[in-house]
Amino acid sequence: MNNPPIRWSPLVSLTLVVGAAWLAAGSTGLLGFALQRSAVWCCLLAAWAVSSQHLVRAARHLRSRELATELLLAVACLIAGSGVAARQAPVRLTAIAVFALLLGWRTHHRRVRRFHSDVAVAVAVLAIHQLLLYSVPAYWLVSDALANRLGSAAAALFGRKLSIGPTFAGVDFLVLTGVLLGRTLRGAPLMRWFGTAAAVCLAHLTYLGLLVFAPELGSRLGGLVPWNLPLLAAVLHLAVLGWVLRTTGVGISTRGNPGSSERTGPTRPVWLKVLGILALPAAAVALAVVVTLPFGTCSLRGKKVVAHERCYGNWDHPKHGDYGRLSIGMYGMLAPFVESLGGTFRRSTELSAADLDDADVLLLLYPHKPWQPGQLARIERFVRRGGALLLLGEHTSEEEGGGNRFNEVLEPTAIRVPFDSAMFAIGGWLQSYAPFAHPATIGVGDQRNDFGVVIGASVAARWPARPLLVGRWGYNDPGDPRTESKMGNQRYDAGERLGDIVLVAEQELGAGVVVVFGDTSTFTNGITIGTHDFNARLLGYLANRPGSPQVLWRQLLGALLGLGIGALLVWRGTWRDTITVCATLSATLLLCVHSGHRAATLLPDGRGARPNNLAYVDGAHFGRFDDEAWRLDGTMGLKMTLMRNGFLTLELHEFTRERLQRAGLVVSIAPRRRFTAAECAMVREFVAEGGIFVLTSSYHHRAGAEPLLRAFDFAIGPLDPAAPEPQPLSHFKAPYSRFGDYMAYVRFHEGWPVTCAAQEGLQPLAYGADDSTVGYLRYFGKGALVVIGDSCFALNKNLELENGQLFEGARENADFWRWLLSRLRDSQTWTPPRPVVAEAK
């Protein structure tokens, strides 16, 4: 006897949970992180609302016990749902799996509860799949090969070329759908299985068919295609799942079904029961540790980095007298950066045996000139004996007859840099990276371009090489040697690789290791400012070689553990098994990421230079400036100004005591996030010990800086909060010092008066209208605090423009910073040049 179809409300609730899982895994197309998390929360809240008829009935009939139970479940669901805010996709998915189980507990309908258990198991298996996909390179390579086969099958069926990776092939959809249907249809007639499999294949082929014609659809629908086409696959799979869940009869016996509380068989000894209970969570803990946790630390202390001097580019850095974007140079800041991490940096023209004998890392930055006799052999011998090679290729290099110089170096490996461009959907691969578990990447975020890759070549890696960094939302654009740029048409065409572009790859060679980028941008002067955390970790990994989760035995063990846990959950996993696996896996994964991140982090230290040469621009307080460096409200002019004055300039992403202790200068621009009491204490300690802290803020932007200003007896505007609002000083120039028979001037974009209750060590820097002070210097302990009442003072529009043009015929603010920094660093105070007066015509 078959029961009638289940009602629509639990069916809609289940499909919403499955949709939330695919959104959380990033399977449904290109979405910003904020939009993705919001969409997941909306799905979960909608699922809760749809299934809340019991709560309404409890409140209507005043069933206090039922109402209390529902409220407790609501709190539990809220706690579980909070996991969707995690950075790691497996953690988000395990949270959704637990949420699905909690929703199932709200119903007394046995069949619906079983479906919730099946959905939870399917989402948990998807979490394990995601963990293996970006932690076990061999698993990714297998998945990528299967995705290519799917693309080839669709291409053969529709008569068009299609090359795709796991993301656009919809592997996530197939994994979750397959597991859920496998559990739901257990015990169903064979014809039911065939019909369901045919429906899934038809749905997926429909999606792949549209993907085949994505170039034509993209020209009509714009940016939605192909980047959001996977959303269509999610809708099609949800339709199939909804049909199956609604029409699956429960006349099928639940005895022995997964999730059923009825178990038959002989009674087992207590110790065996305990062992059975502990086995799955113990395996989940082992899985997270094996595939994510690095053993050891990254370090450059006492290590030597040798760079091949003959590269395509230059070894310049910003210098006084040369301004604008092109004056930043390319690799000139690498030496002070390596030295700040405790290493030594040398450039070598010949790559002689003597240069390489005591080196730990060899750096090849876009080699483009013919190799001299013996150089390739020396490079290979260096690596095979235990050295580390970091090679940065490019996308516009093809020598006569094909090939390039860096592929000649890579001949002994399974890595190549093809003649193409790895094109991103969003500039700088923002929120598009998929880093593998590795000492250099673990815990590194993707809110900004934290890995620094821009437009370079893709990297072709086959086993035993392995991907280290993948760009999910992009495509490979073949190069065109007939064009001046040697780049292709910069649009997605049929047959070009779509999605999952390998950007960085790694391979052991003998006792050493080779890491290859398809782009040089990550280590250039301008981008290292923001990517220094990743750059330091990578160099520290290459020099010190801590135990990596990507070694072969850990890959194999991790794959066996993950597949074994998934198989057991599918076969006979109960709700207890699902919860324990999800809880232990997510908790252990978070602990491993935290521990691995701390062990791999290298802190730049400027104390080895005299004076301290490490400068930070505060990004931890979300200052009022543009992240795009050369826009008018950007800060690249400030960063280059600091470089010209001898500083290694980096962005400060974590405002910690450890980082401040190692710095000489910190600049904070109109912070949006308020300084905490602990941070104010850190700044006081930093300045008292000899640091220089510069704070710029206008009156209407002062809220974030107020706690810090009060800690040093400062205020933007009047000291008395009850006093009337000050009058803005607007845009003006003011003298700041006399030098012989002339005055030096500094310009303000939107000045406001600054006041200070302290008198000791206080010196005004410049005055505005009515003799109000717009900037102060206060010596405090061994250091100094500079407060300037202008949020735009250090921005490009008031300091340095992208084209390097003068401000009304002068560079007054660049000269002001040079004068101020020379004065603060106890060096000989620099004298600004005499202002040039235009002759009257």
# chains A, B, ... in the order shown; residues from 1 in each chain; ligands from 1
>>> residues_around(residues="segment 125-142 of chain A", least_positions_apart="2", cutoff="8 Å", atoms="only C-alpha atoms", output="ChimeraX atom specification")
/A:25,89-91,93-94,121-123,144-146,172,175-176,179,291-292,434-438,462-463,466-467,549-550,555,558-559,562,566,569
>>> residues_around(residues="Glu658 of chain A", least_positions_apart="4", cutoff="12 Å", atoms="only C-alpha atoms", output="list in words")
Thr601, Leu602, Leu603, Pro604, Asp605, Leu652, Glu654, Arg662, Ala663, Glu679, Met682, Val683, Glu685 and Phe686 of chain A
>>> atom_distance(atom1="atom CA of Tyr433 of chain A", atom2="atom CA of Ser458 of chain A")
13.5 Å
>>> atom_distance(atom1="atom CA of Leu762 of chain A", atom2="atom CA of Ala678 of chain A")
24.4 Å
>>> select_by_dssp(residues="segment 320-517 of chain A", states="alpha helix (DSSP H)", output="list of chain:residue names")
A:Leu334, A:Ala335, A:Pro336, A:Phe337, A:Val338, A:Glu339, A:Ser340, A:Ala353, A:Ala354, A:Asp355, A:Leu356, A:Asp357, A:Gln375, A:Leu376, A:Ala377, A:Arg378, A:Ile379, A:Glu380, A:Arg381, A:Phe382, A:Val383, A:Arg384, A:Arg405, A:Phe406, A:Asn407, A:Glu408, A:Val409
>>> atom_distance(atom1="atom CA of Arg405 of chain A", atom2="atom CA of Leu392 of chain A")
11.1 Å
